[in-house]
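Student: Contents of protein34.txt (compact mmCIF, C-alpha atoms) are given next:
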# COMPACT_ATOMS: atom_id res chain seq x y z
CA MET O 1 9.80 -18.80 11.77
CA VAL O 2 9.48 -18.11 8.03
CA GLU O 3 12.29 -17.41 5.55
CA VAL O 4 11.69 -14.22 3.54
CA VAL O 5 13.34 -11.58 1.39
CA GLY O 6 12.35 -7.90 1.49
CA VAL O 7 11.49 -6.29 -1.84
CA ARG O 8 10.91 -2.64 -2.66
CA PHE O 9 9.23 -1.44 -5.86
CA LYS O 10 9.90 2.29 -5.58
CA ARG O 11 12.60 4.43 -4.08
CA ALA O 12 11.59 5.06 -0.46
CA GLY O 13 8.64 2.73 -1.02
CA LYS O 14 7.31 0.25 1.49
CA ILE O 15 9.21 -3.03 1.90
CA TYR O 16 7.20 -6.18 1.20
CA TYR O 17 8.15 -9.71 2.24
CA PHE O 18 8.22 -12.59 -0.27
CA ASP O 19 9.09 -16.27 -0.14
CA PRO O 20 12.57 -16.63 -1.78
CA ASN O 21 11.37 -19.91 -3.30
CA THR O 22 14.75 -21.74 -2.89
CA LEU O 23 16.48 -19.07 -5.02
CA ASP O 24 19.84 -17.65 -3.95
CA ILE O 25 18.74 -14.03 -3.53
CA LYS O 26 21.13 -11.52 -2.07
CA LYS O 27 20.62 -7.85 -1.25
CA ASP O 28 20.30 -5.53 -4.30
CA THR O 29 19.21 -8.43 -6.52
CA PRO O 30 16.45 -7.44 -8.99
CA VAL O 31 13.57 -9.92 -8.89
CA ILE O 32 10.26 -10.66 -10.56
CA VAL O 33 7.43 -11.28 -8.09
CA GLU O 34 3.71 -11.80 -8.10
CA THR O 35 1.73 -9.13 -6.24
CA ALA O 36 -1.92 -8.35 -5.65
CA ARG O 37 -1.94 -6.09 -8.70
CA GLY O 38 0.01 -8.39 -11.04
CA VAL O 39 3.55 -9.41 -11.90
CA GLU O 40 6.05 -6.75 -10.81
CA PHE O 41 9.76 -5.94 -11.05
CA GLY O 42 11.38 -5.06 -7.71
CA GLN O 43 14.70 -4.66 -5.93
CA THR O 44 15.73 -6.84 -3.02
CA VAL O 45 16.62 -4.56 -0.10
CA VAL O 46 16.56 -7.21 2.64
CA ALA O 47 18.51 -10.41 2.02
CA LYS O 48 17.22 -13.80 3.14
CA LYS O 49 16.29 -13.85 6.79
CA LYS O 50 13.83 -15.52 9.13
CA VAL O 51 10.92 -13.65 10.68
CA SER O 52 8.04 -14.66 12.91
CA GLU O 53 4.72 -15.52 11.29
CA GLU O 54 3.16 -12.45 12.93
CA GLU O 55 5.35 -10.19 10.76
CA ILE O 56 4.07 -11.51 7.42
CA VAL O 57 0.79 -11.23 5.55
CA ALA O 58 -0.38 -14.73 4.73
CA PRO O 59 -0.39 -16.34 2.27
CA LEU O 60 3.21 -15.30 1.49
CA LYS O 61 3.69 -14.92 -2.26
CA LYS O 62 6.79 -16.40 -3.89
CA VAL O 63 9.55 -14.78 -5.92
CA ILE O 64 8.99 -15.98 -9.49
CA ARG O 65 12.61 -15.58 -10.60
CA ILE O 66 15.67 -13.38 -10.51
CA ALA O 67 15.28 -10.60 -13.07
CA THR O 68 17.24 -10.70 -16.33
CA PRO O 69 18.72 -7.85 -18.45
CA GLU O 70 15.69 -8.26 -20.74
CA ASP O 71 13.41 -7.61 -17.76
CA ALA O 72 15.31 -4.38 -17.01
CA LYS O 73 14.80 -3.31 -20.64
CA GLN O 74 11.07 -4.02 -20.25
CA VAL O 75 10.98 -1.71 -17.20
CA GLU O 76 12.66 1.08 -19.17
CA GLN O 77 10.21 0.58 -22.02
CA ASN O 78 7.30 0.81 -19.58
CA LYS O 79 8.68 4.12 -18.26
CA ARG O 80 8.67 5.56 -21.76
CA LYS O 81 5.09 4.37 -22.25
CA GLU O 82 4.10 5.98 -18.94
CA LYS O 83 5.09 9.43 -20.25
CA GLU O 84 2.84 9.02 -23.27
CA ALA O 85 0.00 7.69 -21.11
CA PHE O 86 0.37 10.73 -18.83
CA ARG O 87 -0.02 13.08 -21.81
CA ILE O 88 -3.07 11.24 -23.14
CA CYS O 89 -4.74 11.17 -19.72
CA LEU O 90 -4.29 14.93 -19.32
CA GLU O 91 -6.08 15.45 -22.63
CA LYS O 92 -8.95 13.19 -21.55
CA ILE O 93 -9.28 14.95 -18.19
CA LYS O 94 -9.54 18.28 -19.99
CA LYS O 95 -12.06 16.81 -22.45
CA HIS O 96 -14.34 15.63 -19.61
CA ASP O 97 -13.77 18.86 -17.63
CA LEU O 98 -12.90 16.99 -14.43
CA GLU O 99 -11.67 18.78 -11.28
CA MET O 100 -8.66 16.55 -10.68
CA LYS O 101 -4.87 16.85 -10.83
CA LEU O 102 -2.98 13.99 -12.46
CA ILE O 103 0.16 13.15 -10.44
CA ASP O 104 1.70 10.01 -11.89
CA VAL O 105 1.14 7.07 -14.21
CA GLU O 106 2.47 3.59 -13.61
CA TYR O 107 2.46 0.45 -15.76
CA THR O 108 2.63 -2.93 -14.08
CA PHE O 109 5.64 -4.93 -15.28
CA ASP O 110 3.54 -7.27 -17.40
CA GLY O 111 1.53 -4.39 -18.88
CA ASN O 112 -1.79 -5.89 -17.76
CA LYS O 113 -2.77 -2.77 -15.83
CA ILE O 114 -2.10 0.97 -15.91
CA LEU O 115 -2.53 2.97 -12.70
CA PHE O 116 -3.28 6.70 -12.81
CA TYR O 117 -2.69 8.58 -9.55
CA PHE O 118 -4.49 11.87 -8.96
CA THR O 119 -5.48 14.36 -6.29
CA ALA O 120 -8.80 16.16 -5.96
CA ASP O 121 -10.63 18.21 -3.36
CA GLY O 122 -13.56 15.81 -3.25
CA ARG O 123 -15.06 12.80 -4.97
CA VAL O 124 -14.68 12.65 -8.75
CA ASP O 125 -16.97 10.77 -11.13
CA PHE O 126 -14.36 9.40 -13.53
CA ARG O 127 -16.35 6.53 -15.04
CA GLU O 128 -16.41 8.06 -18.53
CA LEU O 129 -12.71 8.86 -18.25
CA VAL O 130 -11.93 5.20 -17.47
CA LYS O 131 -13.93 4.10 -20.52
CA ASP O 132 -12.01 6.52 -22.72
CA LEU O 133 -8.64 5.40 -21.39
CA ALA O 134 -9.55 1.72 -21.73
CA SER O 135 -10.51 2.24 -25.39
CA VAL O 136 -7.12 3.86 -26.05
CA PHE O 137 -4.82 1.48 -24.16
CA ARG O 138 -6.94 -1.70 -24.38
CA THR O 139 -5.87 -2.93 -20.95
CA ARG O 140 -7.10 -2.71 -17.36
CA ILE O 141 -7.28 0.87 -16.06
CA GLU O 142 -7.23 1.92 -12.42
CA LEU O 143 -7.61 5.52 -11.21
CA ARG O 144 -6.41 5.98 -7.64
CA GLN O 145 -7.04 9.13 -5.60
CA ILE O 146 -4.16 9.95 -3.26
CA GLY O 147 -3.53 12.53 -0.53
CA VAL O 148 -1.20 15.53 -0.56
CA ARG O 149 1.46 13.65 1.41
CA ASP O 150 1.55 10.88 -1.20
CA GLU O 151 1.72 13.55 -3.90
CA ALA O 152 4.84 15.05 -2.32
CA LYS O 153 6.37 11.59 -1.97
CA MET O 154 5.85 10.84 -5.66
CA LEU O 155 6.95 14.20 -7.05
CA GLY O 156 9.78 14.91 -4.60
CA GLY O 157 11.24 18.36 -3.93
CA LEU O 158 13.20 20.33 -1.36
CA GLY O 159 12.16 20.96 2.23
CA ILE O 160 12.70 24.22 4.13
CA CYS O 161 15.94 22.66 5.43
CA GLY O 162 17.29 22.72 1.87
CA LYS O 163 17.48 18.93 1.59
CA ASN O 164 15.42 16.49 -0.49
CA LEU O 165 12.08 15.62 1.08
CA CYS O 166 12.35 12.83 3.67
CA CYS O 167 9.27 11.10 2.26
CA ALA O 168 10.83 10.91 -1.21
CA THR O 169 14.24 9.67 -0.05
CA PHE O 170 14.02 7.30 2.92
CA LEU O 171 10.63 7.31 4.70
CA ASP O 172 8.88 4.14 3.56
CA GLU O 173 5.72 4.84 5.56
CA PHE O 174 4.05 7.97 6.93
CA GLU O 175 3.60 8.24 10.69
CA PRO O 176 0.94 10.41 12.37
CA VAL O 177 2.17 13.93 13.22
CA SER O 178 0.16 16.20 15.53
CA ILE O 179 0.23 19.88 16.44
CA LYS O 180 0.79 18.75 20.04
CA MET O 181 4.31 17.70 19.00
CA ALA O 182 5.15 21.22 17.82
CA LYS O 183 3.84 22.68 21.06
CA GLU O 184 5.75 20.25 23.25
CA GLN O 185 8.95 20.98 21.31
CA ASN O 186 8.36 24.70 21.91
CA LEU O 187 8.36 25.50 18.19
CA SER O 188 6.79 28.50 16.54
CA LEU O 189 3.15 27.73 15.76
CA ASN O 190 3.36 29.72 12.53
CA PRO O 191 1.86 27.31 9.94
CA ILE O 192 4.47 28.38 7.38
CA LYS O 193 7.33 27.32 9.65
CA ILE O 194 6.01 23.93 10.74
CA SER O 195 4.38 22.79 7.49
CA GLY O 196 6.08 20.76 4.79
CA THR O 197 5.86 21.17 1.02
CA CYS O 198 2.64 19.11 1.10
CA GLY O 199 0.95 21.65 3.39
CA ARG O 200 0.75 19.20 6.30
CA LEU O 201 2.87 19.18 9.45
CA MET O 202 6.51 18.30 8.77
CA CYS O 203 7.36 14.62 9.21
CA CYS O 204 10.56 15.56 11.06
CA LEU O 205 8.50 16.71 14.07
CA LYS O 206 8.20 13.00 14.83
CA TYR O 207 11.94 12.30 14.90
CA GLU O 208 12.75 13.81 18.31
CA GLN O 209 9.31 13.51 19.89
CA GLU O 210 10.20 10.49 22.00
CA THR O 211 13.14 12.36 23.52
CA TYR O 212 10.96 15.40 24.27
CA GLU O 213 8.30 13.21 25.88
CA GLY O 214 10.95 11.77 28.22
CA LEU O 215 12.19 15.26 29.13
CA ILE O 216 8.64 16.52 29.71
CA ARG O 217 7.90 13.66 32.13
CA ASN O 218 10.84 14.71 34.30
CA THR O 219 10.39 18.50 34.05
CA PRO O 220 7.90 20.58 36.12
CA LYS O 221 5.22 22.39 34.12
CA VAL O 222 5.02 26.15 33.93
CA GLY O 223 2.85 27.31 36.84
CA ALA O 224 3.71 24.38 39.11
CA ILE O 225 4.64 25.11 42.73
CA VAL O 226 8.05 23.66 43.54
CA SER O 227 10.45 23.46 46.43
CA THR O 228 14.05 24.51 45.74
CA PRO O 229 17.30 24.81 47.75
CA GLN O 230 16.29 28.46 48.25
CA GLY O 231 12.68 27.90 49.23
CA LYS O 232 9.32 27.46 47.52
CA GLY O 233 8.38 29.16 44.28
CA ILE O 234 6.39 29.02 41.04
CA VAL O 235 7.88 27.79 37.75
CA GLU O 236 7.97 30.70 35.30
CA SER O 237 9.61 28.94 32.32
CA VAL O 238 11.44 25.73 31.44
CA SER O 239 14.29 24.79 29.09
CA LEU O 240 13.82 21.14 28.19
CA ILE O 241 17.10 20.80 26.30
CA LYS O 242 19.21 22.49 28.99
CA GLY O 243 17.33 20.66 31.75
CA THR O 244 16.68 23.85 33.72
CA VAL O 245 13.69 25.70 35.16
CA ARG O 246 13.29 29.37 36.03
CA VAL O 247 11.49 29.78 39.33
CA LYS O 248 9.91 32.88 40.86
CA LEU O 249 10.82 32.84 44.55
CA ASP O 250 8.89 34.86 47.10
CA LYS O 251 11.46 36.18 49.58
CA ASP O 252 10.77 39.06 51.95
CA ASN O 253 7.78 40.06 49.80
CA GLU O 254 10.09 40.39 46.77
CA ASN O 255 9.75 38.29 43.63
CA ILE O 256 13.16 36.88 42.71
CA LEU O 257 13.77 34.85 39.56
CA GLN O 258 16.30 32.07 39.93
CA ILE O 259 17.40 29.30 37.52
CA PHE O 260 17.74 25.75 38.88
CA ASN O 261 18.65 22.40 37.42
CA VAL O 262 15.64 20.09 37.17
CA SER O 263 17.27 17.71 39.65
CA GLN O 264 17.31 20.53 42.25
CA VAL O 265 13.56 21.12 42.33
CA LYS O 266 10.65 19.04 43.55
CA VAL O 267 7.02 19.59 42.60
CA THR O 268 4.73 20.17 45.58
CA LYS O 269 1.66 21.13 43.56
CA ASP O 270 1.29 20.41 39.86
CA VAL O 271 -0.69 22.45 37.36
CA VAL O 272 -3.22 21.21 34.77
CA ILE O 273 -3.09 22.80 31.32
CA HIS O 274 -6.48 22.72 29.65
CA LYS O 275 -6.75 22.17 25.91
CA GLU O 276 -8.23 25.64 25.31
CA GLU O 277 -5.17 27.17 26.95
CA MET O 278 -2.75 25.59 24.50
CA GLY O 279 -3.24 28.27 21.87
CA GLU O 280 -4.38 28.44 18.24
CA ASP O 281 -6.17 25.46 16.73
CA LEU O 282 -3.99 24.21 13.89
CA SER O 283 -5.54 20.74 13.63
CA HIS O 284 -6.23 21.33 9.90
CA LEU O 285 -2.48 20.84 9.32
CA GLU O 286 -2.63 17.30 10.70
CA ASP O 287 -3.12 14.42 8.32
Have the structure of the file written as structure tokens, please.

Tutor:
Amino acid sequence: MVEVVGVRFKRAGKIYYFDPNTLDIKKDTPVIVETARGVEFGQTVVAKKKVSEEEIVAPLKKVIRIATPEDAKQVEQNKRKEKEAFRICLEKIKKHDLEMKLIDVEYTFDGNKILFYFTADGRVDFRELVKDLASVFRTRIELRQIGVRDEAKMLGGLGICGKNLCCATFLDEFEPVSIKMAKEQNLSLNPIKISGTCGRLMCCLKYEQETYEGLIRNTPKVGAIVSTPQGKGIVESVSLIKGTVRVKLDKDNENILQIFNVSQVKVTKDVVIHKEEMGEDLSHLED
């Protein structure tokens, strides 16, 4: 087991583990740490604890020290410099006539590197732009192309539910979301209704998927032949949340629709749903 503290550098950002280095670090303590991109200022969100070696990325970097009020002032100063760097970069992008959208600018704590985040439809040759920016700021410059989901996470906004975007408030990592989830949850396949601000499938489709998968395993499919307390029939529709199925019974040459609880029916012949029968292809909404 290894003793670690969890540090976050951005709101809703990923949590990284560091060696507390014998320091008395409690939750919500600001710290200065060494990262792959330089010295950074972060917030402790996980107090000292022990984790297995499989959970860490070796070698584990150490916390340099607990941050001081002067360090906090340095962070605020960097934020002011980031606004100016953003303005200058926009001018340089326009000068070089590049098809790219600048999203955010970030100084490392020690000022040894400036990161410019952007989106673009394809590859962008920004070599001349980097030279221009380096001549202005006289420090290391890194341009990083990000996806539309990362753009939404950085900029924030409101979802169709009226609340702040999940990715900008508490989701520290994106999980894969597929159109299959929307279909299994019996949602409207209208792209407008199941897409987030970023234009990709809403992250919240993932939240209840495990529950739906459990319900689906125990519920007959539409078209399956089942036996019921009132005889055999074919499943016409299902209600996963209510735990009921509507069955078409064949009695005296008359088709009778009857609703049963899932526990009252037993599948005698299942049905296979082919991919082409699942409806419109909306795979372009998946990330």

Student: Could you check how far atom CA of Lys266 of chain O sits from atom CA of Ile225 of chain O, in Å to one decimal?

Tutor: 8.6 Å

Student: Counting all atoms listed in the file, which residues of segment 132-159 of chain O sit at most 10 Å from some atom of segment 110-125 of chain O, and what is each one's closest atom pair with its distance in Å to one decimal, listed by chain and rising residue number, as a Markdown table?

Tutor:
| residue | atom | partner | partner_atom | distance |
| --- | --- | --- | --- | --- |
| O:Leu133 | CA | O:Ile114 | CA | 9.6 |
| O:Ala134 | CA | O:Ile114 | CA | 9.5 |
| O:Phe137 | CA | O:Ile114 | CA | 8.7 |
| O:Arg138 | CA | O:Asn112 | CA | 9.4 |
| O:Thr139 | CA | O:Asn112 | CA | 6.0 |
| O:Arg140 | CA | O:Lys113 | CA | 4.6 |
| O:Ile141 | CA | O:Ile114 | CA | 5.2 |
| O:Glu142 | CA | O:Leu115 | CA | 4.8 |
| O:Leu143 | CA | O:Phe116 | CA | 4.8 |
| O:Arg144 | CA | O:Tyr117 | CA | 4.9 |
| O:Gln145 | CA | O:Phe118 | CA | 5.0 |
| O:Ile146 | CA | O:Thr119 | CA | 5.5 |
| O:Gly147 | CA | O:Thr119 | CA | 6.4 |
| O:Val148 | CA | O:Thr119 | CA | 7.2 |
| O:Asp150 | CA | O:Thr119 | CA | 9.4 |
| O:Glu151 | CA | O:Thr119 | CA | 7.6 |
| O:Met154 | CA | O:Tyr117 | CA | 9.7 |

Student: Counting only C-alpha atoms, give me one row per residue of segment 196-273 of chain O with an atom at most 10 Å from an atom of segment 174-191 of chain O, showing the shortest contact pair and its distance in Å to one decimal, sorted by chain then residue number, as a tab-separated table.

Tutor:
residue	atom	partner	partner_atom	distance
O:Gly196	CA	O:Pro191	CA	9.3
O:Gly199	CA	O:Pro191	CA	8.7
O:Arg200	CA	O:Val177	CA	8.8
O:Leu201	CA	O:Val177	CA	6.5
O:Met202	CA	O:Val177	CA	7.6
O:Cys203	CA	O:Val177	CA	6.6
O:Cys204	CA	O:Val177	CA	8.8
O:Leu205	CA	O:Met181	CA	6.5
O:Lys206	CA	O:Val177	CA	6.3
O:Glu208	CA	O:Gln185	CA	8.7
O:Gln209	CA	O:Met181	CA	6.6
O:Glu210	CA	O:Met181	CA	9.8
O:Thr211	CA	O:Gln185	CA	9.8
O:Tyr212	CA	O:Gln185	CA	6.6
O:Glu213	CA	O:Glu184	CA	7.9
O:Ile216	CA	O:Glu184	CA	8.0
O:Ser239	CA	O:Asn186	CA	9.3
O:Leu240	CA	O:Gln185	CA	8.4
O:Ile241	CA	O:Gln185	CA	9.6

Student: Find, counting only C-alpha atoms, the residue in O:Phe109, O:Tyr207, O:Phe170, O:Phe126 that gets nearest to Arg11 of chain O.

Tutor: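 Looking only at the distances to Arg11 of chain O, the closest residue turns out to be O:Phe170.
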
Student: Taking only C-alpha atoms into account, name the residue in O:Arg217, O:Lys83, O:Arg246, O:Lys153 that is nearest to Lys10 of chain O.

Tutor: O:Lys153
